[in-house]
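A.B. asks: Coordinates in run30.cif, mmCIF, C-alpha atoms, are listed below.
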```
data_work
#
loop_
_atom_site.label_atom_id
_atom_site.label_comp_id
_atom_site.auth_asym_id
_atom_site.auth_seq_id
_atom_site.Cartn_x
_atom_site.Cartn_y
_atom_site.Cartn_z
CA MET A 151 -24.43 -18.97 11.97
CA ARG A 152 -26.67 -17.47 9.28
CA LYS A 153 -29.07 -16.36 12.00
CA HIS A 154 -26.26 -14.54 13.77
CA HIS A 155 -25.18 -12.84 10.54
CA LEU A 156 -28.78 -11.67 9.90
CA GLN A 157 -28.99 -10.25 13.42
CA ILE A 158 -25.80 -8.30 12.84
CA ALA A 159 -27.14 -6.80 9.62
CA CYS A 160 -30.30 -5.63 11.39
CA VAL A 161 -28.33 -4.02 14.21
CA MET A 162 -26.06 -2.19 11.76
CA ILE A 163 -28.99 -0.75 9.81
CA ALA A 164 -30.05 0.96 13.03
CA ALA A 165 -26.45 2.10 13.63
CA SER A 166 -25.75 3.31 10.10
CA CYS A 167 -25.76 6.91 11.27
CA LEU A 168 -22.34 6.17 12.73
CA LEU A 169 -19.72 5.63 10.18
CA SER A 170 -13.21 2.97 11.13
CA ALA A 171 -11.48 1.11 8.63
CA ARG A 172 -9.72 -1.38 10.79
CA SER A 173 -9.03 -5.02 10.08
CA THR A 174 -9.95 -7.15 13.08
CA PHE A 175 -8.27 -10.21 11.67
CA ALA A 176 -4.76 -8.97 11.04
CA GLN A 177 -2.34 -11.74 11.86
CA SER A 178 -0.12 -11.32 14.87
CA SER A 179 3.31 -9.95 13.98
CA ASP A 180 4.91 -10.86 17.33
CA THR A 181 8.24 -12.50 16.70
CA VAL A 182 11.41 -12.70 18.73
CA LEU A 183 13.61 -12.01 15.75
CA LEU A 184 13.25 -8.49 14.40
CA GLU A 185 10.78 -7.91 11.63
CA PRO A 186 12.34 -7.04 8.26
CA LEU A 187 12.92 -3.30 8.17
CA VAL A 188 11.54 -1.88 4.94
CA PRO A 189 14.22 0.43 3.54
CA PRO A 190 12.89 3.99 3.42
CA GLY A 191 14.97 4.95 0.38
CA PHE A 192 16.57 8.34 -0.08
CA GLU A 193 14.26 9.89 -2.65
CA ASN A 194 11.15 12.02 -2.09
CA GLY A 195 7.77 11.30 -3.63
CA GLN A 196 7.86 7.51 -3.43
CA GLU A 197 4.83 5.73 -4.79
CA THR A 198 2.22 5.17 -2.09
CA SER A 199 -1.41 4.17 -1.71
CA VAL A 200 -4.05 6.72 -2.68
CA ALA A 201 -5.48 6.42 0.84
CA LEU A 202 -2.16 7.55 2.34
CA GLU A 203 -1.49 10.51 0.09
CA PRO A 204 -1.32 13.82 2.01
CA ARG A 205 -4.48 15.89 2.14
CA PRO A 206 -3.48 19.01 4.09
CA GLU A 207 -7.00 20.47 3.81
CA TYR A 208 -8.20 17.75 6.20
CA ASP A 209 -5.22 17.64 8.57
CA ALA A 210 -6.00 18.48 12.18
CA LEU A 211 -4.69 21.92 13.17
CA GLY A 212 -3.91 20.93 16.75
CA LEU A 213 -2.69 23.28 19.45
CA MET A 214 0.67 25.08 19.44
CA VAL A 215 2.36 25.26 22.85
CA GLY A 216 5.86 26.66 22.66
CA GLY A 217 7.73 24.65 20.06
CA PHE A 218 5.31 21.71 20.18
CA LYS A 219 2.14 20.85 18.30
CA ILE A 220 -0.43 18.93 20.37
CA LEU A 221 -2.84 16.73 18.40
CA PRO A 222 -5.58 15.19 20.58
CA SER A 223 -8.23 12.90 19.11
CA VAL A 224 -10.89 10.46 20.24
CA GLU A 225 -12.67 7.68 18.36
CA THR A 226 -15.97 6.13 19.39
CA ARG A 227 -17.19 2.94 17.74
CA LEU A 228 -20.12 0.57 17.70
CA GLU A 229 -19.40 -2.98 16.58
CA VAL A 230 -21.22 -6.29 16.53
CA THR A 231 -19.47 -9.66 16.56
CA SER A 232 -21.01 -13.00 15.67
CA ASN A 233 -18.56 -15.00 17.80
CA THR A 234 -17.48 -13.19 20.96
CA TYR A 235 -15.17 -15.94 22.25
CA LEU A 236 -14.12 -17.32 18.85
CA SER A 237 -15.57 -20.68 19.79
CA PRO A 238 -16.01 -23.50 17.23
CA VAL A 239 -19.39 -24.35 18.81
CA ASN A 240 -22.29 -22.27 20.14
CA PRO A 241 -21.01 -18.84 19.04
CA VAL A 242 -22.18 -15.90 21.15
CA LEU A 243 -23.32 -12.72 19.39
CA ALA A 244 -22.64 -9.43 21.21
CA PRO A 245 -22.61 -5.69 20.50
CA VAL A 246 -19.37 -3.90 21.33
CA ILE A 247 -18.83 -0.27 22.33
CA GLU A 248 -15.33 1.18 21.95
CA PHE A 249 -13.77 4.39 23.25
CA ASN A 250 -10.27 5.19 21.94
CA PRO A 251 -8.67 8.50 23.00
CA GLN A 252 -5.20 9.57 21.85
CA ILE A 253 -2.83 12.48 22.32
CA ASP A 254 0.09 13.06 19.95
CA VAL A 255 2.73 15.70 20.73
CA ARG A 256 5.32 16.62 18.08
CA SER A 257 8.13 19.16 18.20
CA GLN A 258 8.28 21.75 15.43
CA TRP A 259 12.00 22.37 15.60
CA SER A 260 14.04 22.92 12.45
CA ARG A 261 16.85 20.48 13.32
CA HIS A 262 16.00 17.84 15.93
CA PHE A 263 12.73 16.05 16.68
CA LEU A 264 10.88 14.96 19.82
CA HIS A 265 7.63 13.03 19.92
CA PHE A 266 5.26 11.82 22.67
CA LEU A 267 2.31 9.50 22.18
CA GLY A 268 -0.37 8.36 24.58
CA ARG A 269 -3.38 6.27 23.59
CA SER A 270 -5.83 3.78 25.03
CA ASN A 271 -8.39 1.40 23.57
CA SER A 272 -11.36 0.32 25.67
CA SER A 273 -13.83 -2.29 24.37
CA ARG A 274 -16.99 -3.25 26.25
CA TYR A 275 -18.91 -6.35 25.15
CA ILE A 276 -22.53 -5.87 26.16
CA GLY A 277 -23.69 -8.83 28.22
CA GLU A 278 -20.30 -10.57 27.94
CA ALA A 279 -18.10 -8.75 30.46
CA ARG A 280 -15.46 -11.50 30.51
CA ARG A 281 -14.50 -10.46 26.99
CA ASN A 282 -13.98 -6.76 27.83
CA GLU A 283 -10.62 -5.49 26.66
CA ASP A 284 -8.42 -2.55 27.72
CA THR A 285 -5.11 -1.75 26.08
CA TRP A 286 -2.92 1.34 26.18
CA ARG A 287 0.47 2.71 25.16
CA LEU A 288 2.78 5.50 26.36
CA GLN A 289 5.72 6.27 24.11
CA ALA A 290 8.49 8.84 23.73
CA ASP A 291 10.85 8.93 20.76
CA GLY A 292 12.89 11.44 18.82
CA ALA A 293 15.78 12.17 16.50
CA LEU A 294 19.07 13.89 17.28
CA ASN A 295 20.89 15.09 14.17
CA VAL A 296 24.48 15.10 15.41
CA THR A 297 25.90 16.08 12.03
CA ARG A 298 24.64 16.05 8.45
CA GLU A 299 25.83 12.44 8.22
CA VAL A 300 25.02 11.07 11.69
CA SER A 301 21.67 10.83 13.46
CA ILE A 302 20.55 9.08 16.65
CA LYS A 303 16.96 7.99 17.32
CA PRO A 304 16.02 6.83 20.84
CA LEU A 305 12.67 5.28 21.82
CA ILE A 306 11.12 4.20 25.09
CA SER A 307 7.61 2.85 25.64
CA ILE A 308 5.38 1.02 28.06
CA ALA A 309 2.18 -0.68 26.92
CA GLN A 310 -0.57 -3.11 27.77
CA VAL A 311 -0.95 -5.37 24.72
CA ALA A 312 -3.70 -7.89 23.90
CA LEU A 313 -2.85 -10.92 21.80
CA ASP A 314 -4.61 -11.25 18.46
CA ARG A 315 -7.48 -13.66 19.16
CA PHE A 316 -7.60 -14.77 15.52
CA SER A 317 -4.01 -15.97 15.39
CA GLY A 318 -2.26 -19.11 16.55
CA ASP A 319 -1.26 -17.30 19.74
CA VAL A 320 -4.65 -17.76 21.45
CA THR A 321 -6.53 -21.02 22.00
CA GLY A 322 -10.29 -21.29 21.56
CA ASP A 323 -11.06 -22.06 25.22
CA ILE A 324 -10.05 -18.58 26.43
CA ALA A 325 -12.98 -16.49 27.65
CA GLY A 326 -11.10 -13.39 28.77
CA VAL A 327 -8.34 -11.42 27.10
CA SER A 328 -4.82 -12.82 26.96
CA ASN A 329 -2.57 -9.82 27.39
CA TYR A 330 0.84 -8.74 28.62
CA ARG A 331 2.72 -5.66 29.77
CA GLN A 332 5.42 -4.65 27.32
CA ASN A 333 8.33 -2.46 28.38
CA ALA A 334 10.51 -1.46 25.44
CA ALA A 335 13.56 0.64 24.70
CA ALA A 336 15.48 1.11 21.47
CA LEU A 337 18.39 3.13 20.16
CA GLU A 338 19.08 3.60 16.46
CA GLY A 339 22.18 5.17 14.96
CA THR A 340 22.45 6.06 11.26
CA TYR A 341 25.42 7.15 9.16
CA THR A 342 24.81 8.47 5.64
CA ALA A 343 27.55 9.12 3.08
CA GLY A 344 26.81 9.79 -0.57
CA ARG A 345 24.48 7.08 -1.82
CA GLY A 346 25.14 4.75 1.09
CA ARG A 347 23.68 4.46 4.54
CA ALA A 348 24.50 2.24 7.53
CA THR A 349 22.11 1.71 10.45
CA LEU A 350 22.67 0.02 13.81
CA ILE A 351 19.65 -0.70 16.04
CA GLY A 352 19.63 -2.08 19.56
CA GLU A 353 16.31 -3.09 21.16
CA TYR A 354 15.05 -4.41 24.49
CA TYR A 355 11.61 -5.84 25.30
CA GLY A 356 10.33 -6.98 28.67
CA LEU A 357 7.11 -9.03 28.45
CA ASN A 358 5.03 -9.80 31.55
CA PHE A 359 1.88 -11.87 30.95
CA SER A 360 -1.35 -11.56 32.93
CA SER A 361 -3.51 -14.46 34.08
CA VAL A 362 -6.35 -15.40 31.71
CA GLN A 363 -9.81 -16.81 32.35
CA LEU A 364 -11.08 -19.87 30.44
CA THR A 365 -14.65 -20.55 29.33
CA ASP A 366 -15.11 -23.11 32.13
CA GLY A 367 -14.49 -20.37 34.71
CA SER A 368 -10.98 -21.48 35.70
CA THR A 369 -7.95 -19.19 35.54
CA VAL A 370 -4.56 -19.94 34.01
CA ASP A 371 -1.39 -18.34 35.34
CA GLN A 372 0.71 -17.21 32.36
CA SER A 373 3.72 -15.89 34.30
CA ALA A 374 5.83 -18.74 32.87
CA LEU A 375 5.66 -16.87 29.56
CA ASN A 376 7.40 -13.79 30.98
CA ARG A 377 10.59 -13.05 29.12
CA LYS A 378 13.22 -10.47 28.25
CA VAL A 379 14.32 -10.00 24.65
CA TYR A 380 17.58 -8.37 23.55
CA SER A 381 18.22 -7.78 19.86
CA LEU A 382 20.73 -6.08 17.60
CA THR A 383 20.34 -5.30 13.90
CA MET A 384 22.82 -3.93 11.36
CA ARG A 385 21.58 -2.75 7.97
CA PHE A 386 23.40 -1.40 4.90
CA GLU A 387 21.65 0.41 2.05
CA TYR A 388 22.88 1.67 -1.29
CA ALA A 389 20.86 3.84 -3.66
CA ALA A 390 22.09 3.00 -7.14
CA SER A 391 19.65 5.64 -8.44
CA PRO A 392 16.82 7.69 -6.94
CA ASP A 393 14.46 4.81 -7.74
CA PHE A 394 16.60 1.71 -7.18
CA LEU A 395 17.81 0.66 -3.74
CA LEU A 396 19.77 -2.38 -2.56
CA TYR A 397 20.03 -3.42 1.08
CA ALA A 398 21.37 -6.16 3.31
CA GLN A 399 20.85 -6.69 7.02
CA GLY A 400 21.71 -9.08 9.78
CA SER A 401 20.08 -9.39 13.18
CA ALA A 402 20.67 -11.36 16.37
CA ALA A 403 18.36 -11.86 19.35
CA LYS A 404 18.60 -13.44 22.79
CA ILE A 405 15.60 -14.44 24.91
CA ASP A 406 15.77 -14.90 28.66
CA SER A 407 12.66 -16.75 29.81
CA ALA A 408 11.26 -16.57 33.34
CA SER A 409 10.40 -20.27 33.20
CA THR A 410 12.68 -22.91 34.69
CA SER A 411 11.29 -25.57 32.35
CA VAL A 412 13.91 -27.60 30.51
CA GLY A 413 11.61 -29.56 28.23
CA GLN A 414 9.12 -27.13 26.66
CA LEU A 415 10.13 -25.34 23.50
CA ALA A 416 7.74 -22.42 24.10
CA LEU A 417 9.24 -21.69 27.54
CA ALA A 418 12.94 -22.16 26.79
CA ASP A 419 15.69 -19.56 26.59
CA SER A 420 16.96 -19.15 23.06
CA THR A 421 19.37 -17.33 20.80
CA GLY A 422 18.93 -16.70 17.11
CA GLY A 423 19.93 -14.76 14.06
CA ARG A 424 18.71 -13.79 10.65
CA VAL A 425 20.37 -12.48 7.51
CA GLN A 426 18.46 -10.93 4.66
CA ALA A 427 19.14 -9.07 1.42
CA GLY A 428 16.77 -7.35 -0.95
CA THR A 429 15.99 -4.55 -3.31
CA ARG A 430 13.41 -1.82 -3.70
CA VAL A 431 12.38 -0.46 -7.08
CA ASN A 432 10.29 2.67 -7.50
CA LEU A 433 8.46 3.15 -10.81
CA PRO A 434 7.22 6.77 -10.90
CA GLY A 435 3.60 6.99 -11.94
CA PHE A 436 3.08 3.23 -11.80
CA GLY A 437 4.11 1.75 -8.45
CA SER A 438 6.92 0.21 -6.45
CA ALA A 439 8.24 -3.21 -5.45
CA LEU A 440 10.25 -4.61 -2.56
CA PHE A 441 11.80 -8.10 -2.65
CA ALA A 442 13.95 -9.73 0.01
CA VAL A 443 15.11 -13.22 0.88
CA GLY A 444 17.08 -14.52 3.83
CA TYR A 445 17.78 -17.29 6.30
CA THR A 446 16.82 -17.54 9.97
CA ARG A 447 18.09 -19.87 12.68
CA ARG A 448 17.16 -20.26 16.37
CA LYS A 449 18.70 -22.46 19.08
CA TYR A 450 16.60 -23.37 22.14
CA ASP A 451 18.19 -24.20 25.49
CA ILE A 452 16.22 -27.34 26.22
CA LEU A 453 17.13 -30.96 26.85
CA PRO A 454 17.83 -32.31 24.33
CA GLU A 455 19.02 -29.16 22.55
CA ARG A 456 16.79 -28.08 19.67
CA THR A 457 17.50 -25.86 16.65
CA VAL A 458 14.89 -24.41 14.28
CA SER A 459 15.84 -22.84 10.97
CA GLY A 460 14.42 -21.99 7.57
CA ILE A 461 14.22 -19.64 4.63
CA SER A 462 12.58 -16.26 5.25
CA ALA A 463 11.25 -14.01 2.51
CA GLU A 464 9.36 -10.73 2.07
CA ALA A 465 7.76 -9.17 -0.98
CA ARG A 466 5.49 -6.20 -1.55
CA VAL A 467 4.28 -4.93 -4.91
CA LEU A 468 2.28 -1.71 -5.10
CA VAL A 469 0.55 -0.85 -8.37
CA ASN A 470 -1.34 2.32 -9.26
CA PRO A 471 -3.45 1.44 -12.32
CA SER A 472 -4.95 4.92 -12.14
CA ALA A 473 -4.62 8.08 -10.08
CA LEU A 474 -7.61 6.93 -7.99
CA THR A 475 -6.76 3.25 -7.36
CA THR A 476 -3.96 1.34 -5.65
CA ILE A 477 -3.47 -2.45 -5.63
CA THR A 478 -1.05 -3.95 -3.11
CA PHE A 479 0.31 -7.52 -3.03
CA ASP A 480 2.08 -8.78 0.12
CA LEU A 481 3.87 -12.11 0.49
CA GLY A 482 6.06 -13.35 3.30
CA ARG A 483 7.56 -16.24 5.22
CA ARG A 484 9.08 -15.91 8.67
CA LEU A 485 9.78 -17.67 11.95
CA SER A 486 7.44 -16.59 14.76
CA ASP A 487 6.82 -17.50 18.39
CA THR A 488 3.51 -18.62 19.83
CA GLN A 489 2.71 -16.65 22.98
CA SER A 490 1.05 -19.59 24.75
CA ILE A 491 2.38 -22.01 27.32
CA SER A 492 1.51 -25.09 25.29
CA GLY A 493 2.61 -23.61 21.98
CA ASN A 494 5.65 -24.01 19.75
CA PRO A 495 7.43 -21.66 17.36
CA PHE A 496 6.18 -21.83 13.79
CA MET A 497 7.06 -20.88 10.25
CA GLN A 498 4.32 -18.61 8.96
CA SER A 499 3.57 -18.13 5.26
CA ARG A 500 1.17 -15.36 4.39
CA ALA A 501 -0.32 -13.59 1.38
CA ARG A 502 -2.49 -10.49 1.15
CA LEU A 503 -4.19 -8.62 -1.68
CA ALA A 504 -5.59 -5.14 -0.98
CA VAL A 505 -7.34 -2.54 -3.12
CA ASP A 506 -7.75 1.13 -2.18
CA HIS A 507 -9.94 3.40 -4.27
CA SER A 508 -10.73 7.10 -3.96
CA LEU A 509 -14.38 7.77 -4.81
CA LEU A 510 -13.93 11.44 -3.94
CA TYR A 511 -11.01 13.53 -2.76
CA ASN A 512 -12.13 12.89 0.83
CA LEU A 513 -13.93 9.53 0.49
CA PHE A 514 -12.10 6.19 0.22
CA ILE A 515 -13.10 2.57 0.07
CA ASN A 516 -10.78 -0.37 0.60
CA ALA A 517 -11.01 -4.13 0.47
CA SER A 518 -8.57 -6.94 1.19
CA VAL A 519 -8.25 -10.72 1.38
CA SER A 520 -5.55 -12.46 3.43
CA LEU A 521 -4.32 -16.03 3.70
CA SER A 522 -2.02 -17.46 6.36
CA LYS A 523 -0.51 -20.90 6.97
CA GLU A 524 1.44 -21.95 10.07
CA ASP A 525 3.79 -24.90 10.32
CA TYR A 526 4.51 -25.54 14.03
CA LYS A 527 7.89 -26.86 15.06
CA GLY A 528 8.10 -29.62 17.64
CA ASN A 529 4.84 -31.29 16.56
CA ARG A 530 2.90 -32.04 13.39
CA GLN A 531 0.28 -29.34 13.85
CA ARG A 532 -0.60 -27.25 10.83
CA SER A 533 -3.03 -24.33 10.96
CA GLY A 534 -4.39 -21.77 8.56
CA SER A 535 -6.73 -18.81 8.28
CA THR A 536 -8.55 -16.74 5.69
CA SER A 537 -9.93 -13.24 6.20
CA PHE A 538 -11.82 -10.66 4.19
CA PHE A 539 -12.22 -6.96 4.90
CA VAL A 540 -14.11 -4.07 3.31
CA GLY A 541 -14.33 -0.55 4.63
CA ALA A 542 -14.94 3.09 3.86
CA LYS A 543 -13.48 6.31 5.29
CA TYR A 544 -14.96 9.78 4.90
CA LEU A 545 -12.96 12.89 5.83
CA ALA A 546 -15.82 15.22 6.75
CA THR A 547 -13.76 18.18 8.02
CA ARG A 548 -10.44 18.79 9.72
CA ARG A 549 -12.10 17.72 12.96
CA TYR A 550 -14.34 14.81 11.98
CA GLN A 551 -13.71 11.50 10.27
CA LEU A 552 -16.36 8.82 9.68
CA ASN A 553 -15.66 5.12 9.16
CA LEU A 554 -17.63 2.00 8.29
CA ASP A 555 -16.17 -1.50 7.98
CA MET A 556 -16.98 -5.20 7.87
CA ALA A 557 -14.62 -8.15 8.34
CA TYR A 558 -15.01 -11.90 8.17
CA GLY A 559 -12.41 -14.42 9.22
CA LYS A 560 -12.19 -18.19 9.38
CA ARG A 561 -9.47 -20.17 11.10
CA ARG A 562 -8.65 -23.86 11.22
CA PRO A 563 -6.39 -24.40 14.29
CA ASP A 564 -5.45 -27.83 12.97
CA ARG A 565 -5.75 -28.44 9.22
CA GLY A 566 -6.25 -32.15 9.97
CA ASP A 567 -9.30 -31.54 12.19
CA SER A 568 -12.17 -29.49 10.70
CA SER A 569 -14.29 -29.91 13.88
CA ARG A 570 -12.23 -27.15 15.54
CA ASP A 571 -12.84 -24.60 12.77
CA LEU A 572 -13.98 -21.19 14.00
CA SER A 573 -15.19 -18.05 12.27
CA GLU A 574 -16.32 -14.51 13.05
CA LEU A 575 -18.22 -11.81 11.23
CA ARG A 576 -17.61 -8.36 12.65
CA VAL A 577 -19.26 -5.13 11.53
CA GLY A 578 -18.29 -1.75 12.90
CA ALA A 579 -18.90 1.95 12.50
CA GLY A 580 -17.27 4.90 14.19
CA VAL A 581 -16.58 8.60 14.28
CA THR A 582 -13.25 10.27 15.10
CA PHE A 583 -12.99 13.77 16.50
CA LYS A 584 -9.69 15.64 16.09
CA LEU A 585 -8.81 19.02 17.53
#
```
Let me see the structure of the file written as structure tokens.

C.D. replies:
Amino acid sequence: MRKHHLQIACVMIAASCLLSARSTFAQSSDTVLLEPLVPPGFENGQETSVALEPRPEYDALGLMVGGFKILPSVETRLEVTSNTYLSPVNPVLAPVIEFNPQIDVRSQWSRHFLHFLGRSNSSRYIGEARRNEDTWRLQADGALNVTREVSIKPLISIAQVALDRFSGDVTGDIAGVSNYRQNAAALEGTYTAGRGRATLIGEYYGLNFSSVQLTDGSTVDQSALNRKVYSLTMRFEYAASPDFLLYAQGSAAKIDSASTSVGQLALADSTGGRVQAGTRVNLPGFGSALFAVGYTRRKYDILPERTVSGISAEARVLVNPSALTTITFDLGRRLSDTQSISGNPFMQSRARLAVDHSLLYNLFINASVSLSKEDYKGNRQRSGSTSFFVGAKYLATRRYQLNLDMAYGKRRPDRGDSSRDLSELRVGAGVTFKL
């Protein structure tokens, strides 16, 4: 493995003229139950990371057509990976070329809002074509302000999504890309009165999985994973002050699986719900904190009937020790689904520490370390992963952005069997052009 890491360093010295801060090892957030919705609060000027603060001097100007602003962009990247197939033995080093165009269209109306997004991500692994990856998304959403108190936000999207290869969703014997077509629609209604706000969200997801190629050359049909997900969430928020917010929410979800299996947990129809309550505190000039705790329960329609439940929790603490530095702590525990035929749902516990620092007004560096543990239901499997990331972003002009990043991740699919451990070092550089 050291030899592979040395080869990567040599390649990146030659590619250093290209400078995207993107974590390759972010854990999969796919879950049938809705993710906790972070309350937006009612106040302006909430504490945020220095890397996310507005810098209008470097915002793309775009093109004005009627009442719409069109913001096209394209990112090109060169990466090198030390373990193309995330295999625990005989890792394969490969350079990767990426091409990621995007078009963002936003209305400039004074009252309502309409937004269109189209983007694609194409990755080509030189010499390892089986690992090539193509994803894309088309989305339309907006906001209709019916009255001062009532707003409606619809969303519709269609996408080709690749599963995170460094999560428990993908097994190590997959050579190609495990992906699925996602059709989604959502409708959100919000009522605001005084310091209170009530939100009702209905969502639909249709997931259709493609076949995947294994390292031995065989192909696995994943159509048994196809499913339809229906969910409903109700949330109540109360702003006791401009910097102190309380909220409570409940959600319910139903999954209709395409599989006729009556004995596999991963392929069964299910219904579930989650309740959660929390608070957000904003400390002007210092940071902010969000804490929430809840309970989740899922019932699977298998023989014999099976129910999975547990405590869920979310926490995020953002600290600004200076005007140039932000430190973020993330903790969480939730019930998730494994998107694999042989998999089981699992309780995932995760922790992340990230630091963002502004060297110049238009130059940022960031670093993070993440830990994740999965406790699979239905068997005694336990897995875990650790990842590190460091990157830099330089805003050259309104039209050009340069990025450089490096990530390392290590995963143990079964904490009782170290022989299956796998790791990857990935170094990348890219340039983004914005009109």

A.B. asks: Can you work out which one of A:Leu585, A:Leu572, A:Ala439, A:Val458 has the shortest atom-to-atom distance to Pro495 in chain A, counting only C-alpha atoms?

C.D. replies: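 Ranked by minimum distance to Pro495 in chain A, first place goes to A:Val458.
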
A.B. asks: For the structure provided, state which residues fall under the PyMOL selection byres ((chain A and resi 577) around 6), and present them as a list in words.

C.D. replies: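 When the PyMOL selection byres ((chain A and resi 577) around 6) is applied, the selected residues are Glu229, Val230, Asp555, Met556, Arg576 and Gly578 of chain A.
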
A.B. asks: Work out how far CA of Ala334 in chain A is from CA of Ala293 in chain A, in Å to one decimal.

C.D. replies: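 Value for the CA of Ala293 in chain A-CA of Ala334 in chain A distance: 17.1 Å.
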
A.B. asks: So what do you get for CA of Ser237 in chain A versus CA of Glu524 in chain A, distance-wise?

C.D. replies: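 According to the coordinates, CA of Ser237 in chain A and CA of Glu524 in chain A are separated by 19.6 Å.
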
A.B. asks: Residues picked by the PyMOL selection byres ((chain A and resi 484) around 6) here, as a VMD selection string?

C.D. replies: chain A and resid 462 483 485 497 to 498

A.B. asks: What would the list of residues within 9 Å of (15.8, -3.2, -1.5) (file frame) look like as a PyMOL selection string, if all atoms listed in the file are what count?

C.D. replies: chain A and resi 188-189+191+387-389+394-398+427-431+439-442

A.B. asks: In terms of the shortest atom-to-atom distance over only C-alpha atoms, which of A:Ser533, A:Asp254, A:Thr226, A:Ser522 is closest to Asn553 in chain A?

C.D. replies: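 Result for the nearest residue to Asn553 in chain A: A:Thr226.
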
A.B. asks: Within 12 Å of Thr476 in chain A, counting all atoms listed in the file, which residues qualify if same-chain residues fewer than 4 places away don't, as a list in words?

C.D. replies: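 Listed by chain and then number, they are Glu197, Thr198, Ser199, Val200, Ala201, Leu202, Glu203, Gly435, Phe436, Gly437, Ser438, Val467, Leu468, Val469, Asn470, Pro471, Ser472, Leu503, Ala504, Val505, Asp506, His507, Ser508, Phe514, Ile515, Asn516, Ala517 and Ser518 of chain A.
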
A.B. asks: Any idea what the distance is between CA of Gly217 in chain A and CA of Gly268 in chain A?

C.D. replies: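 Distance reported for this atom pair: 18.7 Å.
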
A.B. asks: When the PyMOL selection byres ((chain A and resi 450) around 8) is applied to the file above, which residues end up in the set, as JSON, numbers by chain?

C.D. replies: {"A": [415, 418, 419, 420, 421, 448, 449, 451, 452, 455, 456, 457]}

A.B. asks: Nearest to Asp284 in chain A among A:Arg549, A:Arg298, A:Lys303, A:Arg331, with distances taken over all atoms listed in the file: which residue is it?

C.D. replies: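 Of all the options, A:Arg331 lies closest to Asp284 in chain A.
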
A.B. asks: Neighbouring residues of Ser520 in chain A were defined as those with any atom within 6 Å, considering all atoms listed in the file; residues of the same chain fewer than 2 positions away were excluded. Please report them as an MDAnalysis selection string.

C.D. replies: chainID A and resid 501:502 536:537

A.B. asks: Show me the residues close to (10.1, -6.5, 29.5) - anything with an atom within 7 Å, counting all atoms listed in the file - and format the list as an NGL selection string.

C.D. replies: :A and (332-334 or 355-358 or 377-378)

A.B. asks: Any chance you could export the current selection's C-alpha atoms as a PDB file, in the frame of the given file?

C.D. replies:
```pdb
ATOM      1  CA  GLN A 332       5.420  -4.650  27.320  1.00  0.00           C
ATOM      2  CA  ASN A 333       8.330  -2.460  28.380  1.00  0.00           C
ATOM      3  CA  ALA A 334      10.510  -1.460  25.440  1.00  0.00           C
ATOM      4  CA  TYR A 355      11.610  -5.840  25.300  1.00  0.00           C
ATOM      5  CA  GLY A 356      10.330  -6.980  28.670  1.00  0.00           C
ATOM      6  CA  LEU A 357       7.110  -9.030  28.450  1.00  0.00           C
ATOM      7  CA  ASN A 358       5.030  -9.800  31.550  1.00  0.00           C
ATOM      8  CA  ARG A 377      10.590 -13.050  29.120  1.00  0.00           C
ATOM      9  CA  LYS A 378      13.220 -10.470  28.250  1.00  0.00           C
TER      10      LYS A 378
END
```

A.B. asks: Between A:Leu513, A:Phe496, A:Leu552, A:Ser328, which residue has the minimum interatomic distance to Gly534 in chain A, considering only C-alpha atoms?

C.D. replies: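 Of all the options, A:Phe496 lies closest to Gly534 in chain A.
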